[in-house]
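Participant: Structure in structure tokens, see below.
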Amino acid sequence: MYHKEKSIQIKSSASALYNNLSVLRIAPRSLTYFAVVHANVVNMVSASWDGLNYSHRQLQSKEGTVATSSSLIMQAAWCVLPSRDLLVLTSQQGIQMYESDGSIMVYWHALDSPETPTAQAVFARGIAAVKEKYICVGTSSGSVLVFDIPSKGSNITLSEVLEEHKDSITDMASECSGSQECIADLVSADDSGLLCIWKSGEDFQLLNKIPGFDMTCSSVKLWKGTVVAGYGTGQIRLYEAVTGILHAEVNAHARWIYSLDVAPFSGLLLSAAEDSLVRVWHLTMTPETNSVEIDHMYNECVTDTQICGAKFCDGDGYAFAVTGYDLTEIIRYTQG
Amino acid sequence: MSSRTLPLLFINLGGEMLYILDQRLRAQNIPVDKAKKVMNDIITTMFNKKFLEELFKPQELYSKKALRTVFDRLAHASIMRLNQASMDKLYDLMTMAFKYQVLLCPRPKDILLVSFNHMDAIKDFVRDTPSILNQVDETYRQLIEIYTPLSAGEFQLIRQTLLIFFQDMHIRVSIFLKDKVQNSNGRFVLPTSGPVPCGTQVPGLIRQFSCTGEELKRLQFCNGGNYSSALREGSFEMFGERVIKLGTNMYSVSRPVETHMSGTSKNSAQHTKVNTAPNPLAKEELNLLAKLMGGMEMQRPANTDSGFRVNLFSTDEEEEQALISRPQEFSYDVINIQATKDKQANAELAKIMGEFGATGDAAPSASSKGDDLLAMMDGL
């Protein structure tokens with residue numbers, strides 16, 4: 001179903017962090033951007049579609065304030081809003097937002113961190129762009145920060161803090177199908193496996209809480225009103241977001257799942273784990289019963305690699321990209 | 001990331017160090033009483049109360065160089081001496097062994113079982129010496145108290161922190177190559193067969209449910225591996241079977257300690273360049289290190305004649321050759337440079353290091369503390 005393409009080299013190896021690969025497709029310029037975190041650095045690559053040009057950029061986790069310790073980065077992800085694209089970095093010290101090409105830092109939000117380290121780690125993790133103008137970021141304390149993003153400029157404000165999680169946020173996702181019918185438009189996941197379902201707006205509204213079972217939900221997606229959640233047990237679960245009804249449970253991987261992705265147009269689902277396997281699934285909505293079905297399509301083994309990031313490169317799932325711990329490359333696979 | 005990582009890093013690396021030293025002491029036919037003294041002295045130092053108090057405080061991990069300094073001191077806590085080539089090799093073996101264990105442990109929580117395997121072995125080393133055994137048991141209780149309540153997610157954060165510490169280290173170790181758990185490029189082999197971790201089901205089943213929770217259908221899929229059900233869970237108590245073998249002693253007299261030192265690829269050299277870039281933290285870190293090592297009490301031989309040297313290589317010639325041919329990218333000498341640049345900030349560290357003076361002489365004079373530190377480090 002898929003075959004391996006030429007790999008893209010990155011300047012330093014990928015760290016073992018959840019969802020450690022972000023992809024941004026820039027159709028007008030026939031380019032795709034990739035971002036992978038290495039300790040306190042983000043490796044960015046811009047690749048032309050003809051495969052002839054690659055340009056690299058590294059972003060450091062330098063903070064707006066005085067030079068303190070160089071903090072480790074937890075995640076880097078592009079946020080696509082109707083008016084603009086931003087690259088968001090979350091670290092032990094705070095949240096940085098850059099123009100999508102990484103050229104200019106437009107916003108910096110510091111986390112409250114104690115003078116001396118405490119047993120509870122401090123960091124931000126989990127990034128999602130929601131609707132017209134919001135970027136939501138999770139934190140280790142369980143708070144979800146909602147930022148209001150103007151259509152241009154740097155006048156970004158923290159508009160709301162959502163306090164429903166008690167454990168560290170692991171991942172966040174917004175509805176990716178573009179469907180206007182879905183009531184829920186954000187899901188947040190945490191270390192206990194709890195999922196919170198939100199409706200965005202001037203005040204974010206909690207629609208539902210789907211309890212966990214004391215196992216980390218490390219990656220989550222929201223597609224046509226269905227929550228797709230990947231867990232430390234290697235399971236994938238499909239829930240109806242608003243009701244919390246469990247539609248499917250899949251024993252998908254032998255180790256921790258590190259990344260999920262959905263190709264919104266085709267309903268293809270990508271799952272990747274520490275077990276060195278990437279799997280492609282197909283999701284189908286059955287409108288009559290308002291339920292979702294999942295079928296297995298494809299396996300790819302990235303030998304001796306604990307995979308930490310996997311993303312589709314386009315909305316149809318025609319191609320996907322993968323990276324893993326200690327790997328200095330992004331491996332691409334294409335259909336056909 | 002996790003501020004709970006340092007104690008596990010220290011205890012597991014320390015455990016690996018003791019396995020290797022135990023094997024070398026036997027292989028070099030060091031008299032039993034001397035060998036025993038070395039093991040006892042190092043374990044006493046490792047589990048010193050004041051030192052562990054500092055160690056168990058929530059804190060970020062030290063850099064590779066700083067931690068190497070701690071282990072240099074620990075290895076020299078007794079009458080045994082190692083020259084630089086042997087110390088480098090010892091540290092390479094320790095770090096690659098623990099990297100392997102962290103990478104391969106089935107669940108993040110199993111890092112604690114790996115640590116318990118090391119602790120069990122350390123207890124066995126000092127089983128005839130109740131006073132040291134008590135010290136080790138005290139730490140054992142502390143480990144259980146602090147770590148057993150942590151959630152799976154917190155253990156994963158600890159594991160991720162450790163993996164960042166070990167990132168880009170691809171030193172080839174002959175025992176791993178022989179066992180076919182490491183590839184010639186230095187990467188570890190990850191099996192897609194064998195038992196799945198506790199709490200995980202063998203991949204391959206899809207279950208669909210109706211809106212009322214009824215199971216509608218079951219589908220099987222090909223998992224691309226050859227997995228079997230999970231083994232029973234190991235004991236997280238002070239005693240009991242750990243079930244997993246990671247962290248147990250893999251050396252014996254018939255399986256000697258060897259390393260292949262080589263740059264694995266042009267990439268590895270490139271990474272090292274990134275990692276050894278001047279660290280703005282150096283000063284802050286050395287202060288913390290000073291605090292930590294302030295708790296390390298060193299045993300000094302009553303007369304220096306009883307000291308001896310242990311070699312991690314088969315012959316002295318091989319050892320000399322290793323020192324000369326060691327690739328630059330594996331050199332550990334950064335702390336020395338930083339120490340000269342920042343003499344005053346490191347007065348505290350220098351003082352402590354001074355107390356570890358290799359000859360056991362009186363503390364060096366105040367004016368030359370920084371230089372003494374350097375001299376001492378160079379002498380290792």
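Chain labels run A, B, ... following the order of the structure tokens; each chain numbers its residues from 1, and ligands are numbered from 1 in the order shown.
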Kindly provide, as an NGL selection string, the residues of chain B having any atom no farther than 8 Å from an atom of chain A, counting only C-alpha atoms.

Facilitator: :B and (1-4 or 58-60 or 106-107 or 151-154 or 160 or 163-164 or 167-168 or 187-192 or 196-197 or 199-211 or 213 or 221 or 223-224 or 227 or 271 or 280-281)

Participant: Would you list the contacts of Asn43 of chain A as a list in words, taking every protein, DNA or RNA residue within 6 Å and counting only C-alpha atoms, but skipping same-chain residues closer than 4 positions in sequence?

Facilitator: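 Once the nearby chain positions are removed, what remains is Ala35, Val36 and Gln58 of chain A.
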
Participant: Any chance you could export the current selection's N, CA and C atoms as a compact mmCIF listing (two decimals), in the first residue's frame?

Facilitator:
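Here's the written file again.txt:
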# COMPACT_ATOMS: atom_id res chain seq x y z
N ALA A 35 9.02 19.47 11.63
CA ALA A 35 9.67 19.91 12.87
C ALA A 35 9.80 18.73 13.83
N VAL A 36 11.02 18.55 14.37
CA VAL A 36 11.31 17.46 15.30
C VAL A 36 12.12 18.03 16.48
N GLN A 58 17.38 25.67 13.00
CA GLN A 58 17.25 25.14 14.35
C GLN A 58 16.79 26.26 15.28

Participant: For segment 86-94 of chain B, find every residue with an atom within 6 Å (counting only C-alpha atoms), except residues of its own chain fewer than 3 positions away, and show them as a PyMOL selection string.

Facilitator: chain B and resi 13+16-17+82-83+97+311-312

Participant: Please produce an output containing N, CA, C and O atoms for each residue in the selection, written as a compact mmCIF listing (two decimals), in the first residue's frame.

Facilitator:
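As written to disk, out.txt reads:
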# COMPACT_ATOMS: atom_id res chain seq x y z
N LEU B 13 23.67 3.26 37.34
CA LEU B 13 25.03 3.36 36.82
C LEU B 13 26.02 2.82 37.85
O LEU B 13 26.96 2.10 37.51
N GLU B 16 25.99 -0.94 37.76
CA GLU B 16 26.75 -1.46 36.62
C GLU B 16 28.25 -1.34 36.88
O GLU B 16 29.03 -2.22 36.53
N MET B 17 28.66 -0.22 37.51
CA MET B 17 30.07 -0.03 37.82
C MET B 17 30.58 -1.14 38.75
O MET B 17 31.64 -1.71 38.53
N LEU B 82 42.40 3.69 38.89
CA LEU B 82 42.16 3.42 37.47
C LEU B 82 42.80 4.55 36.70
O LEU B 82 42.65 5.71 37.08
N ASN B 83 43.50 4.25 35.62
CA ASN B 83 44.00 5.37 34.82
C ASN B 83 42.91 5.85 33.88
O ASN B 83 41.82 5.28 33.83
N ALA B 97 25.25 0.08 29.13
CA ALA B 97 24.44 -0.98 29.76
C ALA B 97 23.13 -0.40 30.27
O ALA B 97 22.06 -0.95 30.03
N ASN B 311 42.98 -2.54 35.74
CA ASN B 311 43.02 -2.27 34.31
C ASN B 311 41.75 -2.85 33.68
O ASN B 311 41.42 -3.99 33.92
N LEU B 312 41.07 -2.04 32.88
CA LEU B 312 39.87 -2.54 32.22
C LEU B 312 40.21 -3.24 30.90
O LEU B 312 39.34 -3.66 30.17

Participant: As a list in words, list the residues of segment 70-214 of chain B assigned to strand (DSSP E) by DSSP on the backbone atoms of this structure.

Facilitator: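 Residues meeting the strand (DSSP E) criterion: Met80, Arg81, Arg172, Val173, Ser193, Gly194, Pro195, Leu205, Ile206, Arg207, Gln208 and Phe209 of chain B.
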
Participant: With all heavy atoms kept, could you save the residues just selected as a compact mmCIF listing (two decimals), in the first residue's frame?

Facilitator:
# COMPACT_ATOMS: atom_id res chain seq x y z
N MET B 80 41.84 1.31 45.29
CA MET B 80 42.04 0.95 43.89
C MET B 80 42.19 2.20 43.03
O MET B 80 41.51 3.19 43.26
CB MET B 80 40.86 0.12 43.42
CG MET B 80 40.89 -0.25 41.95
SD MET B 80 39.30 -0.86 41.41
CE MET B 80 38.35 0.64 41.42
N ARG B 81 43.07 2.16 42.05
CA ARG B 81 43.25 3.27 41.12
C ARG B 81 42.99 2.80 39.68
O ARG B 81 43.35 1.67 39.32
CB ARG B 81 44.67 3.85 41.23
CG ARG B 81 44.91 4.58 42.56
CD ARG B 81 44.05 5.83 42.64
NE ARG B 81 44.01 6.43 43.97
CZ ARG B 81 43.05 6.21 44.85
NH1 ARG B 81 42.06 5.41 44.57
NH2 ARG B 81 43.06 6.79 46.03
N ARG B 172 29.87 0.85 20.79
CA ARG B 172 29.62 -0.58 20.62
C ARG B 172 30.26 -1.37 21.76
O ARG B 172 31.42 -1.12 22.11
CB ARG B 172 30.15 -1.05 19.27
CG ARG B 172 29.35 -0.43 18.12
CD ARG B 172 29.85 -0.90 16.80
NE ARG B 172 31.25 -0.52 16.59
CZ ARG B 172 32.06 -1.16 15.75
NH1 ARG B 172 31.62 -2.18 15.06
NH2 ARG B 172 33.30 -0.75 15.60
N VAL B 173 29.53 -2.27 22.34
CA VAL B 173 30.01 -3.05 23.48
C VAL B 173 30.02 -4.52 23.05
O VAL B 173 29.02 -5.04 22.58
CB VAL B 173 29.08 -2.86 24.69
CG1 VAL B 173 29.50 -3.74 25.85
CG2 VAL B 173 29.05 -1.39 25.10
N SER B 193 9.00 -9.57 18.92
CA SER B 193 8.49 -10.87 19.34
C SER B 193 8.64 -10.97 20.85
O SER B 193 9.19 -10.07 21.48
CB SER B 193 9.29 -11.98 18.66
OG SER B 193 10.65 -11.86 19.03
N GLY B 194 8.14 -12.08 21.41
CA GLY B 194 8.27 -12.31 22.84
C GLY B 194 7.11 -11.71 23.60
O GLY B 194 6.17 -11.16 23.02
N PRO B 195 7.17 -11.83 24.96
CA PRO B 195 6.02 -11.38 25.77
C PRO B 195 5.78 -9.88 25.68
O PRO B 195 6.73 -9.10 25.63
CB PRO B 195 6.41 -11.80 27.19
CG PRO B 195 7.85 -12.12 27.16
CD PRO B 195 8.23 -12.44 25.76
N LEU B 205 -6.42 -7.58 17.79
CA LEU B 205 -7.87 -7.71 17.95
C LEU B 205 -8.56 -6.34 17.89
O LEU B 205 -8.13 -5.40 18.55
CB LEU B 205 -8.19 -8.38 19.29
CG LEU B 205 -9.68 -8.60 19.59
CD1 LEU B 205 -10.30 -9.61 18.63
CD2 LEU B 205 -9.88 -9.05 21.04
N ILE B 206 -9.61 -6.27 17.09
CA ILE B 206 -10.48 -5.08 17.05
C ILE B 206 -11.84 -5.50 17.58
O ILE B 206 -12.40 -6.50 17.13
CB ILE B 206 -10.65 -4.55 15.60
CG1 ILE B 206 -9.29 -4.23 14.98
CG2 ILE B 206 -11.57 -3.34 15.56
CD1 ILE B 206 -9.35 -3.86 13.50
N ARG B 207 -12.36 -4.78 18.53
CA ARG B 207 -13.72 -5.05 19.03
C ARG B 207 -14.59 -3.83 18.78
O ARG B 207 -14.20 -2.71 19.09
CB ARG B 207 -13.69 -5.37 20.52
CG ARG B 207 -12.94 -6.67 20.82
CD ARG B 207 -13.27 -7.22 22.19
NE ARG B 207 -12.83 -6.34 23.26
CZ ARG B 207 -13.33 -6.38 24.51
NH1 ARG B 207 -14.29 -7.23 24.82
NH2 ARG B 207 -12.87 -5.55 25.43
N GLN B 208 -15.77 -4.06 18.20
CA GLN B 208 -16.72 -2.96 17.94
C GLN B 208 -17.89 -3.08 18.90
O GLN B 208 -18.33 -4.19 19.20
CB GLN B 208 -17.24 -3.05 16.49
CG GLN B 208 -16.17 -2.92 15.41
CD GLN B 208 -15.91 -1.49 14.99
OE1 GLN B 208 -14.92 -1.20 14.35
NE2 GLN B 208 -16.78 -0.56 15.41
N PHE B 209 -18.39 -1.96 19.36
CA PHE B 209 -19.49 -1.98 20.32
C PHE B 209 -20.67 -1.16 19.82
O PHE B 209 -20.50 -0.19 19.08
CB PHE B 209 -19.04 -1.41 21.67
CG PHE B 209 -17.88 -2.14 22.27
CD1 PHE B 209 -16.59 -1.66 22.09
CD2 PHE B 209 -18.07 -3.32 22.98
CE1 PHE B 209 -15.50 -2.34 22.63
CE2 PHE B 209 -16.99 -4.00 23.52
CZ PHE B 209 -15.70 -3.51 23.34

Participant: Fewer than 6 positions away in the same chain doesn't count, so skip those; otherwise give me all residues within 12 Å of Arg29 of chain A, counting only C-alpha atoms, as a list of chain:residue names.

Facilitator: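 Once the nearby chain positions are removed, what remains is A:Ser46, A:Ala47, A:Ser48, A:Trp49, A:Asp50.
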
Participant: Neighbouring residues of segment 81-88 of chain A were defined as those with any atom within 8 Å, considering only C-alpha atoms; residues of the same chain fewer than 4 positions away were excluded. Please report them as a list of chain:residue names.

Facilitator: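 These residues fall inside the cut-off: A:Ala76, A:Ala77, A:Ile95, A:Gln96, A:Met97, A:Tyr98, A:Glu99, A:Ser100, A:Asp101, A:Gly102, A:Ile127, A:Ala129, A:Val130, A:Lys131, A:Glu132, A:Lys133, A:Tyr134, A:Ser151, A:Lys152.
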
Participant: With C-alpha atoms kept, could you save the residues just selected as an mmCIF file, in the first residue's frame?

Facilitator:
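Okay, this is what ended up in result-v6.cif:
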data_model
loop_
_atom_site.group_PDB
_atom_site.id
_atom_site.type_symbol
_atom_site.label_atom_id
_atom_site.label_comp_id
_atom_site.auth_asym_id
_atom_site.auth_seq_id
_atom_site.Cartn_x
_atom_site.Cartn_y
_atom_site.Cartn_z
ATOM 1 C CA ALA A 76 6.741 21.631 18.667
ATOM 2 C CA ALA A 77 3.664 21.891 16.454
ATOM 3 C CA ILE A 95 5.351 28.575 25.530
ATOM 4 C CA GLN A 96 6.927 30.211 22.480
ATOM 5 C CA MET A 97 5.003 31.125 19.346
ATOM 6 C CA TYR A 98 6.853 31.790 16.096
ATOM 7 C CA GLU A 99 5.846 32.776 12.584
ATOM 8 C CA SER A 100 5.376 29.516 10.700
ATOM 9 C CA ASP A 101 8.849 29.614 9.125
ATOM 10 C CA GLY A 102 10.471 30.027 12.543
ATOM 11 C CA ILE A 127 -0.905 22.031 21.377
ATOM 12 C CA ALA A 129 -5.461 25.382 17.100
ATOM 13 C CA VAL A 130 -9.207 25.712 17.570
ATOM 14 C CA LYS A 131 -11.734 27.370 15.235
ATOM 15 C CA GLU A 132 -11.092 30.924 14.068
ATOM 16 C CA LYS A 133 -8.662 32.345 16.588
ATOM 17 C CA TYR A 134 -7.700 30.126 19.498
ATOM 18 C CA SER A 151 -5.275 37.825 12.635
ATOM 19 C CA LYS A 152 -1.886 39.519 12.538
#

Participant: Counting only C-alpha atoms, what is within 6 Å of segment 313-315 of chain A, bar same-chain residues fewer than 4 positions away, as a CSV table (one decimal) with C-alpha atoms, in the first residue's frame?

Facilitator:
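Dumped everything to around.csv:
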chain,number,residue,atom,x,y,z
A,263,ALA,CA,-6.2,12.2,7.3
A,264,PRO,CA,-9.5,14.1,7.5
A,265,PHE,CA,-10.6,13.6,3.9
A,319,ALA,CA,1.9,10.0,2.2
A,320,PHE,CA,3.1,9.8,5.8

Participant: Find, counting only C-alpha atoms, the residue in A:Arg25, A:His56, A:Lys199, A:Arg125 that gets nearest to Gln9 of chain A.

Facilitator: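 Ranked by minimum distance to Gln9 of chain A, first place goes to A:His56.
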
Participant: Nearest to Ala75 of chain B among B:Asn226, B:Gln156, B:Gln101, B:Thr45, with distances taken over only C-alpha atoms: which residue is it?

Facilitator: B:Thr45

Participant: Considering only C-alpha atoms, return as a list in words whatever protein or nucleic-acid residues lie within 7 Å of Thr5 of chain B, sequence-local ones (same chain, fewer than 4 positions apart) excluded.

Facilitator: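 Contacts, in chain order: Leu9, Leu61 and Ile158 of chain B.
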
Participant: Please produce an output containing C-alpha atoms for each residue in the selection, written as an mmCIF file, in the first residue's frame.

Facilitator:
data_model
loop_
_atom_site.group_PDB
_atom_site.id
_atom_site.type_symbol
_atom_site.label_atom_id
_atom_site.label_comp_id
_atom_site.auth_asym_id
_atom_site.auth_seq_id
_atom_site.Cartn_x
_atom_site.Cartn_y
_atom_site.Cartn_z
ATOM 1 C CA LEU B 9 20.436 7.224 37.135
ATOM 2 C CA LEU B 61 19.860 15.880 35.699
ATOM 3 C CA ILE B 158 11.508 9.699 33.986
#

Participant: Could you check which of A:Lys224, A:His3, A:Lys166, A:Lys311 is closest to Asp185 of chain A, using only C-alpha atoms?

Facilitator: A:Lys224
